[in-house]
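Since the structure comes first, as structure tokens, the remarks are kept for the end.
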Amino acid sequence: MKLDTRAIRYLTNEDWRVLAAVEQGSKNHEVVPTPLITQIAGLRGGSGVHKCISSLAKVGLIAKVKNARYDGYRLTYGGLDYLALHTHRLRSTIFSLGNQIGVGKESDIYITASPTNRQQVLKLHRLGRISFRSVKANRDYLRNRSTGSWMYLSRLAAQKEFAVMKVLRREGFAVPEPIGWSRHTVVMEFIDSFPLRMVESVPEPGKLYAELMDMIVQLARRGLIHGDFNEFNILIQENTVPAAMDGGEEKVQLRPVLIDFPQAISTNHANAQMYFDRDVGCVKRYFERRFKYEADEDGPFFQDAMKGSVIEQRLDVEVEASGFSRKMAKDLERYVERAEDGVDEAEQADAAEEDEGDVEDEDAEEEGGEAVLPQDPQVDDPKLAEEIGGLSLGDDL
Ligand code: ADP
Ligand code: MG
């Protein structure tokens, strides 16, 4: 879905308050009743709030929900995008927004500039859009769970990605520097690079291969498995080493940088070995196919990697302690596993209920993702609700 920021400069302080109030209200109301919006926004004089509501609805940041038992609104993805951008702007993480440079499986990637004109990447997580069909199966699955909403899950993905990148960066792993996060978005350093997928040939495939395998092993030693270690998530930076410094000819050095962490898992996970082997296998196969390179030895192996693991240095433990709780990890993991189980199952489920309604939802989703918006998050822990809320009215407005 497109991020259209044209309206952002025209929103008044009161509009922002009302938008934030709708967000706040959607934590425990699928449809936020108008009187509740007024109450949370804390604005005096009813007509002012109504004016804000109608201008927010006009630019699609909130949507009126018809056929509800009461009159109300819900936040759209556009509204959530605006709130996140607004927060990044207030925190001076983002000064301006540039072009979209990528559409990932479940994200949109934009170039942004910092107040000091440094190039950065804004990643907006959009969980649930892998394919329309699997969205639906997943949504039905989530509907019956206590913590199921696209907004909530996208937020978890962003929070986790930021937490993982932060510890990895600190420990010297080659990952972009994480700069900030809000709601479903992460701001990070822009890596001037090509995804490995776009690299036709490398001068020394064996060297790059060894570096990538070492990265997988080092991650595991510190308690983490990337979980999606593929040619799209490995960015290749080219550094030219001038002839004079090297003594000989000018040389190009390749530096792999790892991105995309929402699905990262702990080496304590019940299926850790499978995920580890899968990451290894991914690199192996890709190098065979693309660069005709085959390693002399088998491995690396999970058991060997874990021999070098020291509990005190475990980063998975640290990520958990950073506020990304075990429950949040479970909620996200459940989703990722479902998504990985593939579209086939989802298609079957979909075919079975083809005639069962939800047609309006489907149309809306194809038009712009409206219908995947907040199912009732039903966050049962008030502290957690506070945390995932991100914006507290006092802070940001
Ligand atoms: P997804 O989870 O949707 O796969 P990714 O984080 O892998 O999202 O990003 C999608 C694409 O956007 C990447 O393959 C890469 O081309 C580009 N990209 C993402 N982050 C960066 C970054 N920090 N610097 C440069 N390009 C990036
Ligand atoms: Mg990716």
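Going by the structure tokens order, chains are called A, B, ..., each with residues numbered from 1, while ligands are numbered from 1 in the order shown.
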For Gly180 of chain A, work out the shell of residues within 9 Å, counting only C-alpha atoms and skipping chain neighbours fewer than 4 positions away, then give it as a ChimeraX atom specification.
-> /A:88,91,93,162,185-188
Name the residues, by chain letter and number, that sit within 8 Å of ligand 2 using only C-alpha atoms and all ligand atoms, and give them as a PyMOL selection string.
-> chain A and resi 104-105+228+232-233+259-260
Go ahead and write the selection's residues with N, CA and C atoms as a PDB file, in the first residue's frame.
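Saved as again-v1.pdb:
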```
ATOM      1  N   GLY A 104       9.031  -5.241  -0.016  1.00  0.00           N
ATOM      2  CA  GLY A 104       9.385  -6.577   0.451  1.00  0.00           C
ATOM      3  C   GLY A 104       8.140  -7.431   0.497  1.00  0.00           C
ATOM      4  N   LYS A 105       8.345  -8.663   0.936  1.00  0.00           N
ATOM      5  CA  LYS A 105       7.218  -9.572   1.090  1.00  0.00           C
ATOM      6  C   LYS A 105       6.161  -8.934   1.973  1.00  0.00           C
ATOM      7  N   ASP A 228      15.863 -16.482   7.859  1.00  0.00           N
ATOM      8  CA  ASP A 228      15.493 -16.208   6.461  1.00  0.00           C
ATOM      9  C   ASP A 228      16.738 -15.705   5.737  1.00  0.00           C
ATOM     10  N   PHE A 232      18.118 -12.272  -0.776  1.00  0.00           N
ATOM     11  CA  PHE A 232      17.456 -10.961  -0.739  1.00  0.00           C
ATOM     12  C   PHE A 232      17.803 -10.215   0.549  1.00  0.00           C
ATOM     13  N   ASN A 233      18.133 -10.982   1.564  1.00  0.00           N
ATOM     14  CA  ASN A 233      18.394 -10.370   2.875  1.00  0.00           C
ATOM     15  C   ASN A 233      19.882 -10.176   3.153  1.00  0.00           C
ATOM     16  N   ILE A 259      20.243  -8.088   6.703  1.00  0.00           N
ATOM     17  CA  ILE A 259      19.049  -7.321   7.082  1.00  0.00           C
ATOM     18  C   ILE A 259      17.862  -8.267   7.344  1.00  0.00           C
ATOM     19  N   ASP A 260      16.762  -7.686   7.799  1.00  0.00           N
ATOM     20  CA  ASP A 260      15.475  -8.376   7.878  1.00  0.00           C
ATOM     21  C   ASP A 260      15.389  -9.392   9.030  1.00  0.00           C
TER      22      ASP A 260
END
```
From the list A:Lys64, A:Arg169, A:His86, A:Lys330, the nearest residue to Ile8 of chain A using only C-alpha atoms is A:His86
Show me a table, sorted first by chain and then by increasing residue number, of the residues of chain A having an atom at most 10 Å from ligand 1, each with its shortest atom pair and the distance in Å to one decimal, counting only C-alpha atoms and all ligand atoms and written as a tab-separated table.
```
residue	atom	partner	partner_atom_place_in_ligand_line	distance
A:Gln100	CA	ligand 1	12 (O)	9.2
A:Ile101	CA	ligand 1	12 (O)	6.6
A:Gly102	CA	ligand 1	12 (O)	4.6
A:Val103	CA	ligand 1	10 (C)	6.1
A:Gly104	CA	ligand 1	3 (O)	3.0
A:Lys105	CA	ligand 1	3 (O)	4.1
A:Glu106	CA	ligand 1	3 (O)	4.2
A:Ser107	CA	ligand 1	3 (O)	4.0
A:Asp108	CA	ligand 1	3 (O)	6.7
A:Ile109	CA	ligand 1	12 (O)	5.6
A:Tyr110	CA	ligand 1	12 (O)	8.3
A:Ile111	CA	ligand 1	25 (C)	8.5
A:Gln119	CA	ligand 1	24 (N)	9.3
A:Gln120	CA	ligand 1	23 (N)	7.2
A:Val121	CA	ligand 1	23 (N)	5.4
A:Leu122	CA	ligand 1	20 (N)	7.9
A:Lys123	CA	ligand 1	6 (O)	6.9
A:Leu124	CA	ligand 1	3 (O)	8.7
A:His125	CA	ligand 1	3 (O)	7.3
A:Arg126	CA	ligand 1	3 (O)	8.1
A:Leu127	CA	ligand 1	3 (O)	9.0
A:Ile130	CA	ligand 1	3 (O)	9.2
A:Ala157	CA	ligand 1	2 (O)	9.3
A:Glu161	CA	ligand 1	6 (O)	9.1
A:Val175	CA	ligand 1	23 (N)	8.1
A:Pro176	CA	ligand 1	23 (N)	5.4
A:Glu177	CA	ligand 1	23 (N)	8.0
A:Pro178	CA	ligand 1	23 (N)	8.7
A:Val186	CA	ligand 1	6 (O)	9.7
A:Val187	CA	ligand 1	23 (N)	8.4
A:Met188	CA	ligand 1	23 (N)	5.8
A:Glu189	CA	ligand 1	23 (N)	5.3
A:Phe190	CA	ligand 1	24 (N)	3.9
A:Ile191	CA	ligand 1	24 (N)	3.8
A:Asp192	CA	ligand 1	25 (C)	5.9
A:Ser193	CA	ligand 1	25 (C)	6.4
A:Phe194	CA	ligand 1	16 (O)	6.8
A:Pro195	CA	ligand 1	16 (O)	5.5
A:Leu196	CA	ligand 1	14 (O)	8.9
A:Arg197	CA	ligand 1	14 (O)	8.7
A:Met198	CA	ligand 1	16 (O)	9.5
A:Asp228	CA	ligand 1	4 (O)	8.9
A:Phe229	CA	ligand 1	7 (O)	9.9
A:Asn230	CA	ligand 1	7 (O)	9.4
A:Glu231	CA	ligand 1	14 (O)	8.3
A:Phe232	CA	ligand 1	14 (O)	4.6
A:Asn233	CA	ligand 1	7 (O)	5.0
A:Ile234	CA	ligand 1	14 (O)	7.6
A:Leu235	CA	ligand 1	15 (C)	7.0
A:Ile236	CA	ligand 1	25 (C)	9.6
A:Gln237	CA	ligand 1	25 (C)	9.7
A:Val257	CA	ligand 1	23 (N)	8.9
A:Leu258	CA	ligand 1	23 (N)	8.9
A:Ile259	CA	ligand 1	6 (O)	5.5
A:Asp260	CA	ligand 1	6 (O)	3.9
A:Phe261	CA	ligand 1	6 (O)	7.4
A:Pro262	CA	ligand 1	2 (O)	7.4
A:Gln263	CA	ligand 1	2 (O)	8.9
```
Could you pull out all residues of segment 78-274 of chain A with a DSSP call of strand (DSSP E) and give them as an MDAnalysis selection string?
-> chainID A and resid 96:104 107:113 119:125 178:182 185:189 194:195 224:225 234:241 251:258 265:266
What's the 12 Å shell around Arg44 of chain A, counting only C-alpha atoms, without same-chain residues fewer than 6 positions away, as a ChimeraX atom specification?
-> /A:14,18,38,50
Spatial neighbours of Arg89 of chain A, 12 Å, only C-alpha atoms, chain gap at least 3 places, as a ChimeraX atom specification = /A:8-9,82-86,92-97,112-115,180-182,187,396-397
Selection file, C-alpha atoms, as a PDB file, in the first residue's frame:
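And here is the file that came out, again.pdb:
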```pdb
ATOM      1  CA  ILE A   8       0.607  15.393   6.550  1.00  0.00           C
ATOM      2  CA  ARG A   9       1.495  19.075   6.620  1.00  0.00           C
ATOM      3  CA  TYR A  82       1.040   9.026   9.694  1.00  0.00           C
ATOM      4  CA  LEU A  83       1.239   8.561  13.439  1.00  0.00           C
ATOM      5  CA  ALA A  84       4.546   6.739  13.119  1.00  0.00           C
ATOM      6  CA  LEU A  85       5.978   9.367  10.800  1.00  0.00           C
ATOM      7  CA  HIS A  86       4.791  12.105  13.105  1.00  0.00           C
ATOM      8  CA  SER A  92      14.107  14.002  14.961  1.00  0.00           C
ATOM      9  CA  THR A  93      14.770  10.533  13.587  1.00  0.00           C
ATOM     10  CA  ILE A  94      13.297  11.561  10.239  1.00  0.00           C
ATOM     11  CA  PHE A  95      13.440  14.949   8.631  1.00  0.00           C
ATOM     12  CA  SER A  96      12.075  14.139   5.202  1.00  0.00           C
ATOM     13  CA  LEU A  97      10.688  11.224   3.257  1.00  0.00           C
ATOM     14  CA  THR A 112      14.421   9.108   4.266  1.00  0.00           C
ATOM     15  CA  ALA A 113      16.777  11.842   5.356  1.00  0.00           C
ATOM     16  CA  SER A 114      17.824  12.659   8.905  1.00  0.00           C
ATOM     17  CA  PRO A 115      17.924  16.281  10.110  1.00  0.00           C
ATOM     18  CA  GLY A 180      14.606   4.314  15.911  1.00  0.00           C
ATOM     19  CA  TRP A 181      11.250   2.603  15.863  1.00  0.00           C
ATOM     20  CA  SER A 182       7.658   3.602  16.294  1.00  0.00           C
ATOM     21  CA  VAL A 187      14.353   3.601  10.821  1.00  0.00           C
ATOM     22  CA  ASP A 396       3.818  13.202  21.288  1.00  0.00           C
ATOM     23  CA  LEU A 397       1.309  15.957  20.849  1.00  0.00           C
TER      24      LEU A 397
END
```
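Note that atom CA of Cys52 of chain A and atom CA of Leu11 of chain A are 8.9 Å apart.
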Counting only C-alpha atoms, what is within 10 Å of Met215 of chain A, bar same-chain residues fewer than 2 positions away, as a ChimeraX atom specification?
-> /A:173-174,209-213,217-221,225-226,256-258
Give me a file of those residues, with N, CA and C atoms, as a PDB file, in the first residue's frame.
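Okay, result_6.pdb is ready:
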```
ATOM      1  N   PHE A 173      28.320  -7.090  14.572  1.00  0.00           N
ATOM      2  CA  PHE A 173      27.839  -7.804  13.390  1.00  0.00           C
ATOM      3  C   PHE A 173      27.569  -6.800  12.270  1.00  0.00           C
ATOM      4  N   ALA A 174      27.712  -7.265  11.030  1.00  0.00           N
ATOM      5  CA  ALA A 174      27.493  -6.384   9.884  1.00  0.00           C
ATOM      6  C   ALA A 174      25.999  -6.273   9.599  1.00  0.00           C
ATOM      7  N   TYR A 209      31.442 -16.932   0.558  1.00  0.00           N
ATOM      8  CA  TYR A 209      30.729 -18.081   1.123  1.00  0.00           C
ATOM      9  C   TYR A 209      31.164 -18.322   2.567  1.00  0.00           C
ATOM     10  N   ALA A 210      32.463 -18.318   2.772  1.00  0.00           N
ATOM     11  CA  ALA A 210      32.993 -18.559   4.121  1.00  0.00           C
ATOM     12  C   ALA A 210      32.545 -17.462   5.082  1.00  0.00           C
ATOM     13  N   GLU A 211      32.510 -16.246   4.596  1.00  0.00           N
ATOM     14  CA  GLU A 211      32.093 -15.135   5.464  1.00  0.00           C
ATOM     15  C   GLU A 211      30.626 -15.285   5.876  1.00  0.00           C
ATOM     16  N   LEU A 212      29.810 -15.695   4.919  1.00  0.00           N
ATOM     17  CA  LEU A 212      28.381 -15.858   5.220  1.00  0.00           C
ATOM     18  C   LEU A 212      28.158 -16.999   6.206  1.00  0.00           C
ATOM     19  N   MET A 213      28.871 -18.119   5.993  1.00  0.00           N
ATOM     20  CA  MET A 213      28.733 -19.253   6.906  1.00  0.00           C
ATOM     21  C   MET A 213      29.228 -18.864   8.302  1.00  0.00           C
ATOM     22  N   VAL A 217      27.253 -18.973  11.915  1.00  0.00           N
ATOM     23  CA  VAL A 217      27.817 -19.631  13.099  1.00  0.00           C
ATOM     24  C   VAL A 217      27.960 -18.640  14.261  1.00  0.00           C
ATOM     25  N   GLN A 218      28.486 -17.453  13.958  1.00  0.00           N
ATOM     26  CA  GLN A 218      28.666 -16.456  15.028  1.00  0.00           C
ATOM     27  C   GLN A 218      27.326 -16.057  15.645  1.00  0.00           C
ATOM     28  N   LEU A 219      26.322 -15.933  14.795  1.00  0.00           N
ATOM     29  CA  LEU A 219      24.977 -15.606  15.306  1.00  0.00           C
ATOM     30  C   LEU A 219      24.505 -16.690  16.264  1.00  0.00           C
ATOM     31  N   ALA A 220      24.670 -17.937  15.845  1.00  0.00           N
ATOM     32  CA  ALA A 220      24.206 -19.059  16.672  1.00  0.00           C
ATOM     33  C   ALA A 220      24.963 -19.107  18.000  1.00  0.00           C
ATOM     34  N   ARG A 221      26.254 -18.825  17.943  1.00  0.00           N
ATOM     35  CA  ARG A 221      27.050 -18.787  19.184  1.00  0.00           C
ATOM     36  C   ARG A 221      26.476 -17.782  20.166  1.00  0.00           C
ATOM     37  N   ILE A 225      19.367 -17.220  15.474  1.00  0.00           N
ATOM     38  CA  ILE A 225      19.322 -17.754  14.109  1.00  0.00           C
ATOM     39  C   ILE A 225      18.490 -16.779  13.297  1.00  0.00           C
ATOM     40  N   HIS A 226      19.019 -16.377  12.161  1.00  0.00           N
ATOM     41  CA  HIS A 226      18.316 -15.368  11.360  1.00  0.00           C
ATOM     42  C   HIS A 226      16.951 -15.882  10.901  1.00  0.00           C
ATOM     43  N   PRO A 256      29.386  -8.324   2.995  1.00  0.00           N
ATOM     44  CA  PRO A 256      27.967  -8.676   3.152  1.00  0.00           C
ATOM     45  C   PRO A 256      27.374  -8.032   4.410  1.00  0.00           C
ATOM     46  N   VAL A 257      26.200  -7.471   4.249  1.00  0.00           N
ATOM     47  CA  VAL A 257      25.480  -6.864   5.377  1.00  0.00           C
ATOM     48  C   VAL A 257      24.115  -7.557   5.475  1.00  0.00           C
ATOM     49  N   LEU A 258      23.802  -7.980   6.679  1.00  0.00           N
ATOM     50  CA  LEU A 258      22.582  -8.763   6.877  1.00  0.00           C
ATOM     51  C   LEU A 258      21.419  -7.859   7.299  1.00  0.00           C
TER      52      LEU A 258
END
```
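Counting from atom CA of Pro33 of chain A, the distance to atom CA of Asp4 of chain A is 26.3 Å.
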Quick one: everything within 8 Å of Ala20 of chain A, counting only C-alpha atoms, minus sequence neighbours fewer than 2 positions away in the same chain. Send it as a PyMOL selection string.
-> chain A and resi 16-18+22-24+41+83+391+393
Residues as selected, N, CA and C atoms, written as a CSV table (one decimal), in the first residue's frame, can you do that?
```
chain,number,residue,atom,x,y,z
A,16,TRP,N,-4.1,15.7,15.0
A,16,TRP,CA,-3.2,14.7,15.5
A,16,TRP,C,-3.7,14.1,16.8
A,17,ARG,N,-4.2,15.0,17.7
A,17,ARG,CA,-4.8,14.5,18.9
A,17,ARG,C,-5.9,13.5,18.7
A,18,VAL,N,-6.7,13.8,17.8
A,18,VAL,CA,-7.9,13.0,17.5
A,18,VAL,C,-7.4,11.7,16.8
A,22,VAL,N,-8.0,7.9,18.2
A,22,VAL,CA,-8.6,6.7,17.5
A,22,VAL,C,-7.6,5.5,17.7
A,23,GLU,N,-6.4,5.8,17.6
A,23,GLU,CA,-5.4,4.7,17.8
A,23,GLU,C,-5.5,4.1,19.2
A,24,GLN,N,-5.5,5.0,20.2
A,24,GLN,CA,-5.6,4.6,21.6
A,24,GLN,C,-6.9,3.7,21.8
A,41,ALA,N,-9.4,12.2,23.3
A,41,ALA,CA,-8.7,13.4,22.7
A,41,ALA,C,-8.7,14.5,23.7
A,83,LEU,N,0.9,8.4,12.0
A,83,LEU,CA,1.2,8.6,13.4
A,83,LEU,C,2.7,8.2,13.7
A,391,LEU,N,2.6,5.5,21.4
A,391,LEU,CA,2.3,6.9,21.6
A,391,LEU,C,1.6,7.1,22.9
A,393,LEU,N,-0.3,10.1,24.8
A,393,LEU,CA,-0.8,11.4,24.4
A,393,LEU,C,0.0,12.5,24.8
```
Compare A:Leu156, A:Ala295, A:Val164, A:Met274 by their minimum atom-to-atom distance to Gly206 of chain A, counting only C-alpha atoms, and give me the closest one.
-> A:Ala295
For Tyr152 of chain A, the closest of A:Tyr77, A:Lys2, A:Thr116, A:Asp214 counting only C-alpha atoms is A:Tyr77
Segment 105-266 of chain A: residues DSSP assigns to helix (DSSP H, G or I), reported as JSON, numbers by chain | {"A": [132, 133, 134, 135, 136, 137, 138, 139, 140, 141, 142, 143, 150, 151, 152, 153, 154, 155, 156, 157, 158, 159, 160, 161, 162, 163, 164, 165, 166, 167, 168, 169, 170, 196, 197, 198, 205, 206, 207, 208, 209, 210, 211, 212, 213, 214, 215, 216, 217, 218, 219, 220, 221, 243, 244, 245, 246]}
